[in-house]
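Structure first, then comments.
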Amino acid sequence: MTGASQAIAAEEVTSVEGITEYQLENGVRVLLFPDPSKPQVTVNMTVFVGSRHEGYGEAGMAHLLEHMLFKGTPTHPNIPKLLQESGANFNGTTWLDRTNYYETLPASPENLSMALKLEADRLINSYVKGEDLESEMSVVRSEFERGENSPSRILGQRVTSAAYEWHNYGQSTIGNRADIERVPVESLRRFYKKYYQPDNVMVIVAGAFDPEFALAEINAHFGVIPRPDRVLEGTYTEEPAQDGERMVTLRRVGDVGLAAALYHISSGAHPDYVAIDVFEHIMTASPSGRLYEGLVESKLAASVSGAAYSLHDPGMLRFMAEASPGVDPRDVLSKMLEIVETAGEDGVTEEEVERAKTYWMKTWEMSFADSSKLAVQLSEWAAQGDWRLMFLYRDRLEAVTTEDVDRVAKKYVRQNNRTAGLFIPTKEPDRVTIPETPDLAEMIGDYKGREAVAMGEAFDVSPENIESRTTRLTLPSGVKAAFLPKKTRGESVVVQVNLRYGNSEALKGLSTACDLLPTLMARGTKDLSRQQLQDLLNQKKAKLSASGTAGLASFDIQTRKEYLPEVLDVLRQVLREPTLSSEELELIRNKRLTGYEQQLTDPMALAQTALVVATSEKYPRDDVRYAETIEEKIESWKNVSHDDVTKLFNEYLNGTNGEVAIVGDFEIAEIQPIVESILADWTSDIEFSRNPRSGDVDIKGMTQKILTPGKENATYLAGTVFPMKESNPDYIGLMMGNYVLGSSGLSSRLGDRVRQQEGLSYGVGSFMRSSPLDPRTTLMVYAIANPDNMPKVETVIREELELLIDKGVTEEELATAQKGYLEKQLVNRSSDDQLVNLLTNTAYLGRTMEYYSEQEAAIQKLTVDDVNAAVKKRLDLNHYLVIAAGDFDREKSDKAMKKDQPMTTEKETEFKATTSGLKYKIIKEGDGKAPVPANTVVCHYKGWLDNGETFDSSYDRGQPATFPLNGVIRGWTEGLQLIKEGGKIELEIPSDLGYGDRGFPPVIPGGATLHFEVELLEVK
């Protein structure tokens, strides 16, 4: 059958602004979005199943199945390897309403056909085997445990869970531990067969492709799948109106407090949603947001964030704040609620609404200008019910008024619709009724949208073409420039400016100030306050970011052709006329200190810091090359002064040393004079020279353990350093050896062994960095794992390293690595953000793109002997340091937690047991009245789980609890009858005397053993 005749089977449904929808006879929906401006193509298969669709015992099943679909089919037994060989950026993601699988590849008919064939195949033919489930279950559990390390993530999850009593939006997409560990493969297969069918999928293709060819291929691979006989029923659970505020308290190891508040809102399709989104930005934007002003600038909080979740069913509006060190998060929460819950009555201003609308419009337009990202984002809109909601959002955003924002604030942001803080019951219900999702067909109708945005050229990203299109020159100031004009989608353009200054001697003691300077420069200028600067950038559809290290200040810009001259003038003001506000410096200091305080108990941060320190040369503390510990970073950020920063700007920073690159839609004749004027007449008396580094560091082959009590996920980080430049003949051979080892994702040796086969880690891999100027190369291996699995992780990784050194790589592995690595470079150079960075780097190093042409040619000529010789010569496990950070002493930790309970022991006794299985230890018998089940008792108590985590305490509330003894769990009823008034007892209550297999979500898991220490104050 020819492509033209196949295309007839696809019926065009609608077309909006360059995106066209088709439907196949078997129900498959198709979106085609041609964009020839980049030589890449993205295929995104969206399956309309997420955690919203999971039933009892199926928590996390949609996400687990996403993992399983990378395990292969009879036709495609090794999916990661296939995609890696094609140079694809690929992934799969699961969310509340959908699951998607996508890959971005170099544009070619062969790659497009391969991707479509793969997605159609794994839609219905994936193995879903028991042995794969056994290993992948451990991987997903590792991912679950990684999330358990993040207090903000867990707090958000707990708050959401408490807010939704019945609807599955309250259920975490990753699921709960029990369902992850126990799910039968038969249940997973049933779930797969039910939802992974042609009538429940949308195929999105975006990028450089021929639409007729794409339709033909989609028909050939998806169109032949039979439509299922079953009728897929929609979900129908509706969350009832909330009867009063709810409160969740999370107690885990950490250093920085958090406060959060969540409110039920409309679905994403409802007209109210856009006004809610505007309200969220008015609250959280930096620096104009009301929460930012009320919490961050007052130093109650280090940061604030928020999100209005746009979902298929009524969703949620969430705010979160990170308390400053030493600040009680309850004070933060109190101020947060005061601000957000009075905003509707106080009213928002025209300026606030216009600022938020400008920000969201800029965000919308930027996302629409990148076809590869848009291909993935369309999954979210389609999952809400119709992909055209994306355009309806824009139209509604333009029409939002202050009255709209005030109305939704009054309607949704109310005490009785809130989940946060303390739970206080009300005398009568005060329910907020959430509107139903509207009839989309009636509401949207025959929506056509607007004209498509400007298309870009089909640009060849080979090093030769890039160099031929690039104009290189040295500006009058001395800065090196590289200009690459080309037609881009949406007339986008990116700019990068690097300014280099000082030297290791002159910069002594100023390392933190170097880090701080660019960020502070971008916080306001002589003529523009921080907010005015941000408003101007939003109006000009622009982003400006700044960063710094010792002797380097970097500035990046993203905007459109028509606004580039004005945005460059903003950059001029930032570079030449910054206010360097002391108030803004304090805000930056506070945020950085808060981040470092959090790192003090984070396994990943502790391991990274320890390895960086160990692999660095030994310099004096005031040298900018000195590697600081986290504690030293905290000290440095406390001590950095405004005088240090102003000294750097006034005496060191200059426009004579550095690089500037521009890539995108612009005219050199127009823009070059503007750039020259920005840097003109800007000199420094302090000579610039780079800060050299050495790779000659004595690394001891050993394992260092870092204990992080209470952290559910552990970090493995290991590495070595040796004196080798990028120009060394061994470099490309060692790079390919490392690519085989762990830099090629799931298809690497580490990915295949540690994750795919052993199921020990969600994230594992390796990376190598070589300096182009100094003889210094580092090679590092990383993994995350359950702390109990860390010994096996260490063993398995060492076995793979030994195997690589002793046996080397195979011909097949090298061929795959060469193809995958070179294809990956094409994808990377397709991104203007990466291309502009590449051009500034070549300008700094005095290179042209010919360097990369020669390097890629040399990689193609590599032999197995070349790679294996480089690996054997450079890798020495006697100089390979392993850092393992985690809770490796959990038994000891649990005992310590129980010992630290607030009620002191007056008399030590051994635990005894009743005939029912209740264990108890009488601390003090008491001398008052003995209770019976009919009595009401007054008690002080504290309860904890086996892991030592406290879940309830009357002491924390500041008052004892009063309740009928026959109205509580059986373990309490039985246990308190063993003492009298004035007595104390410790109870160990098995699950059948407590909350049973169901538990008491989200506080008490199913099957949990409960521990209590109870003081009986009064028997009534």
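Ordering of the structure tokens sets the chain letters (A, B, ...), residue numbers begin anew at 1 in every chain, and ligands are numbered from 1 in the order given.
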Return as a VMD selection string the full set of residues in segment 238-484 of chain A whose backbone-based DSSP assignment is helix (DSSP H, G or I).
chain A and resid 272 to 284 290 to 296 329 to 346 350 to 368 371 to 383 389 to 399 402 to 412 415 to 417 440 to 444 463 to 469
Do a neighbour search on Phe70 of chain A at 10 Å with only C-alpha atoms, toss out local chain neighbours closer than 5 positions, and write the hits as a count of residues only.
15
Env of segment 170-182 of chain A: 7 Å cut, atoms = only C-alpha atoms, seq-sep filter 4 positions within chain, self excluded. Answer as a short mmCIF file (atom, residue, chain, number, x, y, z; two decimals) with C-alpha atoms, in the first residue's frame.
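part_34.cif, written as the output of this step:
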data_model
loop_
_atom_site.label_atom_id
_atom_site.label_comp_id
_atom_site.auth_asym_id
_atom_site.auth_seq_id
_atom_site.Cartn_x
_atom_site.Cartn_y
_atom_site.Cartn_z
CA SER A 51 -2.92 7.55 39.01
CA GLY A 57 -4.41 -2.07 45.60
CA GLU A 58 -3.26 -0.48 42.34
CA ALA A 59 -1.53 2.59 43.77
CA GLY A 60 1.48 3.37 41.60
CA HIS A 63 3.88 4.55 36.98
CA TRP A 95 1.11 11.95 36.07
CA LEU A 96 -2.37 12.10 37.52
CA MET A 137 9.83 -3.06 41.43
CA ARG A 141 10.99 1.53 45.21
CA PHE A 144 10.05 6.17 45.90
CA GLN A 157 2.22 14.70 49.21
CA THR A 160 -2.58 16.62 49.08
CA SER A 161 -3.51 13.24 50.52
CA ALA A 163 -7.13 17.27 51.16
CA TYR A 164 -8.61 14.48 49.02
#
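The residue set within 9 Å of Asp255 of chain A, counting only C-alpha atoms and dropping same-chain residues fewer than 5 places from it, reads Pro325, Thr594, Glu597, Gln598, Gln599, Leu600 and Thr601 of chain A.
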Excluding same-chain residues fewer than 3 positions from segment 365-376 of chain A, what lies within 7 Å of it counting only C-alpha atoms, as a PyMOL selection string?
chain A and resi 35+42+44+204-207+361-362+379+489-490
If you count only C-alpha atoms, the residue of A:Ser152, A:Thr437, A:Ser641, A:Gln40 closest to Ala321 of chain A turns out to be A:Ser152
List the neighbours of Lys129 of chain A out to 9 Å using only C-alpha atoms; skip same-chain residues closer than 3 positions along the sequence, and give me the result as a ChimeraX atom specification.
/A:68,71,126,132-134,185,189
Would you export the selected residues with C-alpha atoms as an mmCIF file, in the first residue's frame, please?
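Contents of out.cif, freshly written:
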data_model
loop_
_atom_site.group_PDB
_atom_site.id
_atom_site.type_symbol
_atom_site.label_atom_id
_atom_site.label_comp_id
_atom_site.auth_asym_id
_atom_site.auth_seq_id
_atom_site.Cartn_x
_atom_site.Cartn_y
_atom_site.Cartn_z
ATOM 1 C CA MET A 68 7.922 -1.928 32.455
ATOM 2 C CA LYS A 71 11.719 -3.757 29.223
ATOM 3 C CA SER A 126 5.247 -5.292 25.790
ATOM 4 C CA ASP A 132 11.191 -7.945 34.895
ATOM 5 C CA LEU A 133 8.623 -6.852 37.479
ATOM 6 C CA GLU A 134 10.786 -8.253 40.274
ATOM 7 C CA VAL A 185 2.211 -9.379 37.552
ATOM 8 C CA ARG A 189 -1.033 -7.232 32.778
#
Within 8 Å of segment 842-866 of chain A: each segment 665-738 of chain A residue with its shortest pair, only C-alpha atoms, as a Markdown table:
| residue | atom | partner | partner_atom | distance |
| --- | --- | --- | --- | --- |
| A:Asp730 | CA | A:Asp866 | CA | 7.9 |
| A:Ile732 | CA | A:Ile859 | CA | 6.5 |
| A:Gly733 | CA | A:Asp866 | CA | 5.9 |
Selection file, C-alpha atoms, as an mmCIF file, in the first residue's frame:
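part27.cif written:
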data_model
loop_
_atom_site.group_PDB
_atom_site.id
_atom_site.type_symbol
_atom_site.label_atom_id
_atom_site.label_comp_id
_atom_site.auth_asym_id
_atom_site.auth_seq_id
_atom_site.Cartn_x
_atom_site.Cartn_y
_atom_site.Cartn_z
ATOM 1 C CA ASP A 730 43.880 8.819 25.507
ATOM 2 C CA ILE A 732 38.543 10.071 23.297
ATOM 3 C CA GLY A 733 39.262 6.402 24.015
#
If we count only C-alpha atoms and set the cut-off at 9 Å, which residues sit around segment 911-919 of chain A, ignoring sequence neighbours fewer than 6 positions away in its own chain? Please answer as a VMD selection string.
chain A and resid 971 974 to 975 986 to 990 993
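Between atom CA of Asn738 of chain A and atom CA of Ser770 of chain A the interatomic distance comes to 12.3 Å.
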Nearest candidate to Tyr782 of chain A (options A:Arg388, A:Arg589, A:His879, A:Arg798; using only C-alpha atoms):
A:Arg798
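Across A:Ser744, A:Ser504, A:Leu575, A:Glu617, the tightest approach to Asn691 of chain A is made by A:Ser504 when counting only C-alpha atoms.
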Which of A:Val882, A:Glu380, A:Gly551, A:Gly27 sits closest to Thr795 of chain A [using only C-alpha atoms]
A:Val882
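Residue nearest Leu300 of chain A within the list A:Gly18, A:Gly257, A:Gly737, A:Gly886: A:Gly257 [criterion: smallest interatomic distance, only C-alpha atoms].
Distances here use only C-alpha atoms; by that measure, the residue among A:Tyr920, A:Leu653, A:Val660, A:Met736 closest to Ala869 of chain A is A:Met736.
In this model, the gap between atom CA of Gly1006 of chain A and atom CA of Arg970 of chain A comes to 16.1 Å.
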